[in-house]
Amino acid sequence: MDRRLALVTGASAGIGAALARSLAARGYDLALTARRRERLDALADEVRLRFGVEALVLPDDLADPAAPGRILAAVDAAGRDVDALINNAGYGLPGVFVETGWQEQADFLQVMLHAPTELSHRVLAGMTERRFGRILNVASLAGLLPGTRGHTLYAATKAYLVRFSQSLHLESRPLGVHVSALCPGFTWSEFHDVNGTRDLARQSTPAWLWMGADEVAEVGVEALEANRPVCVPGAPNKAIAALAKLLPEDWALALMEAQSGRFRKL
């Protein structure tokens, strides 16, 4: 195939599906992975019709440590290379650390930290050999702010993705590979439905802080093409990230503690 291929994790809904559409609109073929096959099939049919691209449907669960290898083996079996990797799969784990089971936390770390790191490592050699590659790690505004009570590992894993992306950006820049971290704030998607916090977030957060998934995705893909190491979409989110850098750490942490219960399910 002459077209480049983008592998999108967590592609069944929300920002992941929006990123897939944005890449398809730019002429990328797609390899779509998430747990829900029926959602992936519907998205694959949509992008084929709308954009005339090919789409591989690769349902899998990144909580399984063997999933990254299976997904990439399926891409290879189709005779394709991964030219763009979109590490989007993720979720929130409500509750405080001591009250959640370790297996829940271990699965969370596998999806949020180990899988994107492994996938990046596995595809990077081919990208550098071909002198072309794109890696977008979907982090969060939470990764640029102090931690909160509840969802204990969420901000930690997102902060990791930001720093990982920055380092990989510096290493890969001379090799034709672009690496960016996308750090959205509140986004209209299924994210809050899955962890049961939609009503809580809507009631406690002004409408002007929210962005649409399509808007976030478009900004993210543009940042990736421009090879910006970190992208914070939306003026309010940029202001929040800047303020977090300016405030003394104990002030910022106290502010996050006071606000945690407004948008975190404890």
# chains A, B, ... in the order shown; residues from 1 in each chain; ligands from 1
>>> residues_around(residues="segment 23-28 of chain A", least_positions_apart="4", cutoff="6 Å", atoms="only C-alpha atoms", output="list of chain:residue names")
A:Arg4, A:Leu5, A:Phe51
>>> write_last_selection(atoms="all heavy atoms", output="PDB file, in the first residue's frame")
ATOM      1  N   ARG A   4       0.156   5.672   4.182  1.00  0.00           N
ATOM      2  CA  ARG A   4       0.700   5.364   5.496  1.00  0.00           C
ATOM      3  C   ARG A   4      -0.403   4.834   6.408  1.00  0.00           C
ATOM      4  O   ARG A   4      -1.585   5.109   6.199  1.00  0.00           O
ATOM      5  CB  ARG A   4       1.347   6.610   6.103  1.00  0.00           C
ATOM      6  CG  ARG A   4       2.468   7.193   5.235  1.00  0.00           C
ATOM      7  CD  ARG A   4       3.233   8.263   5.987  1.00  0.00           C
ATOM      8  NE  ARG A   4       4.163   8.978   5.130  1.00  0.00           N
ATOM      9  CZ  ARG A   4       5.385   8.550   4.805  1.00  0.00           C
ATOM     10  NH1 ARG A   4       5.802   7.374   5.250  1.00  0.00           N
ATOM     11  NH2 ARG A   4       6.180   9.277   4.039  1.00  0.00           N
ATOM     12  N   LEU A   5      -0.004   4.107   7.454  1.00  0.00           N
ATOM     13  CA  LEU A   5      -0.954   3.479   8.371  1.00  0.00           C
ATOM     14  C   LEU A   5      -0.804   4.068   9.764  1.00  0.00           C
ATOM     15  O   LEU A   5       0.322   4.204  10.274  1.00  0.00           O
ATOM     16  CB  LEU A   5      -0.718   1.974   8.430  1.00  0.00           C
ATOM     17  CG  LEU A   5      -1.639   1.215   9.388  1.00  0.00           C
ATOM     18  CD1 LEU A   5      -2.976   0.932   8.723  1.00  0.00           C
ATOM     19  CD2 LEU A   5      -0.996  -0.091   9.861  1.00  0.00           C
ATOM     20  N   PHE A  51     -13.754   8.647   3.631  1.00  0.00           N
ATOM     21  CA  PHE A  51     -12.419   9.107   3.257  1.00  0.00           C
ATOM     22  C   PHE A  51     -11.709   8.193   2.256  1.00  0.00           C
ATOM     23  O   PHE A  51     -10.605   8.516   1.815  1.00  0.00           O
ATOM     24  CB  PHE A  51     -11.555   9.257   4.510  1.00  0.00           C
ATOM     25  CG  PHE A  51     -12.160  10.148   5.563  1.00  0.00           C
ATOM     26  CD1 PHE A  51     -12.597   9.613   6.775  1.00  0.00           C
ATOM     27  CD2 PHE A  51     -12.317  11.507   5.347  1.00  0.00           C
ATOM     28  CE1 PHE A  51     -13.164  10.430   7.746  1.00  0.00           C
ATOM     29  CE2 PHE A  51     -12.882  12.321   6.303  1.00  0.00           C
ATOM     30  CZ  PHE A  51     -13.318  11.784   7.509  1.00  0.00           C
TER      31      PHE A  51
END
>>> select_by_dssp(residues="segment 33-259 of chain A", states="strand (DSSP E)", output="MDAnalysis selection string")
chainID A and resid 33 55:57 84:87 133:138 177:182 187:188 211:212 230:231
>>> closest_atom_pairs(of="segment 56-122 of chain A", to="segment 30-46 of chain A", cutoff="9 Å", atoms="only C-alpha atoms", output="tab-separated table")
residue	atom	partner	partner_atom	distance
A:Leu56	CA	A:Ala31	CA	4.5
A:Val57	CA	A:Leu32	CA	5.1
A:Leu58	CA	A:Thr33	CA	4.8
A:Pro59	CA	A:Thr33	CA	5.0
A:Asp60	CA	A:Arg35	CA	5.1
A:Asp61	CA	A:Arg35	CA	5.4
A:Leu62	CA	A:Ala34	CA	7.9
A:Ile71	CA	A:Thr33	CA	7.8
A:Val75	CA	A:Ala31	CA	7.4
A:Val82	CA	A:Ala31	CA	8.6
A:Ala89	CA	A:Ala34	CA	7.5
>>> closest_residue(among="A:Cys183, A:Ala244, A:Ala106, A:Leu175", to="Val162 of chain A", atoms="only C-alpha atoms")
A:Cys183
>>> residues_around(residues="Trp210 of chain A", least_positions_apart="3", cutoff="10 Å", atoms="only C-alpha atoms", output="list in words")
Pro184, Gly185, Phe186, Thr187, Trp188, Arg202, Thr205, Pro206, Ala207, Ala213, Gly234, Pro236 and Asn237 of chain A
>>> closest_residue(among="A:Ala18, A:Leu136, A:Ala156, A:Ile240", to="Asn87 of chain A", atoms="only C-alpha atoms")
A:Leu136
>>> closest_residue(among="A:Glu99, A:Glu104, A:Glu249, A:Asp83", to="Met127 of chain A", atoms="only C-alpha atoms")
A:Asp83
>>> closest_residue(among="A:His121, A:Arg131, A:His169, A:Arg163", to="Leu72 of chain A", atoms="only C-alpha atoms")
A:His121
>>> closest_atom_pairs(of="segment 52-101 of chain A", to="segment 149-153 of chain A", cutoff="9 Å", atoms="only C-alpha atoms", output="CSV")
residue,atom,partner,partner_atom,distance
A:Gly92,CA,A:His151,CA,6.4
A:Leu93,CA,A:His151,CA,5.3
A:Pro94,CA,A:His151,CA,4.9
A:Gly95,CA,A:Gly150,CA,5.0
A:Val96,CA,A:Gly150,CA,4.5
A:Phe97,CA,A:Thr152,CA,5.9
>>> closest_residue(among="A:Leu119, A:Ala125, A:Leu113, A:Val230", to="Ser165 of chain A", atoms="only C-alpha atoms")
A:Val230
>>> select_by_dssp(residues="segment 46-241 of chain A", states="alpha helix (DSSP H)", output="PyMOL selection string")
chain A and resi 46-51+67-77+102-109+115-130+154-172+191-194+198-204+213-225+235-241
>>> closest_residue(among="A:Glu129, A:Glu171, A:Asp214, A:Glu54", to="Ala17 of chain A", atoms="only C-alpha atoms")
A:Asp214
>>> atom_distance(atom1="atom CA of Ala258 of chain A", atom2="atom CA of Phe108 of chain A")
25.4 Å
>>> residues_around(residues="Ala155 of chain A", least_positions_apart="2", cutoff="10 Å", atoms="only C-alpha atoms", output="PDB file with N, CA, C and O atoms, in the first residue's frame")
ATOM      1  N   GLY A  92     -10.502   6.181  33.792  1.00  0.00           N
ATOM      2  CA  GLY A  92     -10.278   6.599  35.166  1.00  0.00           C
ATOM      3  C   GLY A  92     -10.689   5.495  36.118  1.00  0.00           C
ATOM      4  O   GLY A  92     -11.623   4.744  35.849  1.00  0.00           O
ATOM      5  N   ALA A 139      -2.170  12.315  26.806  1.00  0.00           N
ATOM      6  CA  ALA A 139      -2.009  12.487  28.244  1.00  0.00           C
ATOM      7  C   ALA A 139      -3.232  13.243  28.767  1.00  0.00           C
ATOM      8  O   ALA A 139      -4.365  12.901  28.431  1.00  0.00           O
ATOM      9  N   SER A 140      -3.027  14.270  29.553  1.00  0.00           N
ATOM     10  CA  SER A 140      -4.142  15.017  30.127  1.00  0.00           C
ATOM     11  C   SER A 140      -3.610  16.274  30.775  1.00  0.00           C
ATOM     12  O   SER A 140      -2.445  16.334  31.199  1.00  0.00           O
ATOM     13  N   LEU A 141      -4.475  17.269  30.881  1.00  0.00           N
ATOM     14  CA  LEU A 141      -4.143  18.444  31.681  1.00  0.00           C
ATOM     15  C   LEU A 141      -3.779  18.026  33.097  1.00  0.00           C
ATOM     16  O   LEU A 141      -2.941  18.654  33.748  1.00  0.00           O
ATOM     17  N   ALA A 142      -4.398  16.939  33.583  1.00  0.00           N
ATOM     18  CA  ALA A 142      -4.096  16.437  34.931  1.00  0.00           C
ATOM     19  C   ALA A 142      -2.626  16.097  35.100  1.00  0.00           C
ATOM     20  O   ALA A 142      -2.084  16.160  36.207  1.00  0.00           O
ATOM     21  N   GLY A 143      -1.954  15.734  34.006  1.00  0.00           N
ATOM     22  CA  GLY A 143      -0.538  15.411  34.083  1.00  0.00           C
ATOM     23  C   GLY A 143       0.362  16.611  34.256  1.00  0.00           C
ATOM     24  O   GLY A 143       1.556  16.461  34.520  1.00  0.00           O
ATOM     25  N   LEU A 144      -0.206  17.810  34.114  1.00  0.00           N
ATOM     26  CA  LEU A 144       0.553  19.049  34.288  1.00  0.00           C
ATOM     27  C   LEU A 144       0.206  19.750  35.603  1.00  0.00           C
ATOM     28  O   LEU A 144       0.729  20.825  35.877  1.00  0.00           O
ATOM     29  N   LEU A 145      -0.673  19.124  36.392  1.00  0.00           N
ATOM     30  CA  LEU A 145      -1.144  19.717  37.642  1.00  0.00           C
ATOM     31  C   LEU A 145      -0.744  18.837  38.817  1.00  0.00           C
ATOM     32  O   LEU A 145      -0.369  17.678  38.636  1.00  0.00           O
ATOM     33  N   PRO A 146      -0.834  19.358  40.041  1.00  0.00           N
ATOM     34  CA  PRO A 146      -0.587  18.505  41.206  1.00  0.00           C
ATOM     35  C   PRO A 146      -1.621  17.389  41.288  1.00  0.00           C
ATOM     36  O   PRO A 146      -2.688  17.447  40.674  1.00  0.00           O
ATOM     37  N   GLY A 147      -1.307  16.359  42.068  1.00  0.00           N
ATOM     38  CA  GLY A 147      -2.219  15.243  42.242  1.00  0.00           C
ATOM     39  C   GLY A 147      -3.462  15.641  43.014  1.00  0.00           C
ATOM     40  O   GLY A 147      -3.543  16.703  43.622  1.00  0.00           O
ATOM     41  N   THR A 148      -4.471  14.775  42.955  1.00  0.00           N
ATOM     42  CA  THR A 148      -5.732  15.007  43.650  1.00  0.00           C
ATOM     43  C   THR A 148      -6.055  13.805  44.526  1.00  0.00           C
ATOM     44  O   THR A 148      -5.466  12.735  44.392  1.00  0.00           O
ATOM     45  N   HIS A 151      -8.900   8.713  42.228  1.00  0.00           N
ATOM     46  CA  HIS A 151      -8.273   8.448  40.920  1.00  0.00           C
ATOM     47  C   HIS A 151      -6.753   8.560  41.068  1.00  0.00           C
ATOM     48  O   HIS A 151      -6.076   9.214  40.274  1.00  0.00           O
ATOM     49  N   THR A 152      -6.215   7.891  42.076  1.00  0.00           N
ATOM     50  CA  THR A 152      -4.874   8.171  42.591  1.00  0.00           C
ATOM     51  C   THR A 152      -3.782   8.108  41.535  1.00  0.00           C
ATOM     52  O   THR A 152      -2.859   8.936  41.529  1.00  0.00           O
ATOM     53  N   LEU A 153      -3.832   7.123  40.653  1.00  0.00           N
ATOM     54  CA  LEU A 153      -2.754   6.942  39.689  1.00  0.00           C
ATOM     55  C   LEU A 153      -2.990   7.668  38.366  1.00  0.00           C
ATOM     56  O   LEU A 153      -2.115   7.651  37.496  1.00  0.00           O
ATOM     57  N   THR A 157       0.136   8.709  35.961  1.00  0.00           N
ATOM     58  CA  THR A 157       0.415   8.087  34.661  1.00  0.00           C
ATOM     59  C   THR A 157       0.410   9.120  33.548  1.00  0.00           C
ATOM     60  O   THR A 157       1.201   9.023  32.597  1.00  0.00           O
ATOM     61  N   LYS A 158      -0.438  10.129  33.642  1.00  0.00           N
ATOM     62  CA  LYS A 158      -0.471  11.162  32.618  1.00  0.00           C
ATOM     63  C   LYS A 158       0.786  12.039  32.681  1.00  0.00           C
ATOM     64  O   LYS A 158       1.311  12.464  31.638  1.00  0.00           O
ATOM     65  N   ALA A 159       1.280  12.308  33.889  1.00  0.00           N
ATOM     66  CA  ALA A 159       2.537  13.053  34.017  1.00  0.00           C
ATOM     67  C   ALA A 159       3.686  12.245  33.403  1.00  0.00           C
ATOM     68  O   ALA A 159       4.576  12.800  32.745  1.00  0.00           O
ATOM     69  N   TYR A 160       3.654  10.941  33.617  1.00  0.00           N
ATOM     70  CA  TYR A 160       4.654  10.075  32.997  1.00  0.00           C
ATOM     71  C   TYR A 160       4.612  10.201  31.471  1.00  0.00           C
ATOM     72  O   TYR A 160       5.661  10.319  30.811  1.00  0.00           O
ATOM     73  N   LEU A 161       3.416  10.158  30.895  1.00  0.00           N
ATOM     74  CA  LEU A 161       3.302  10.246  29.439  1.00  0.00           C
ATOM     75  C   LEU A 161       3.849  11.571  28.913  1.00  0.00           C
ATOM     76  O   LEU A 161       4.454  11.613  27.838  1.00  0.00           O
TER      77      LEU A 161
END
>>> atom_distance(atom1="atom CA of Val8 of chain A", atom2="atom CA of Gln103 of chain A")
25.5 Å
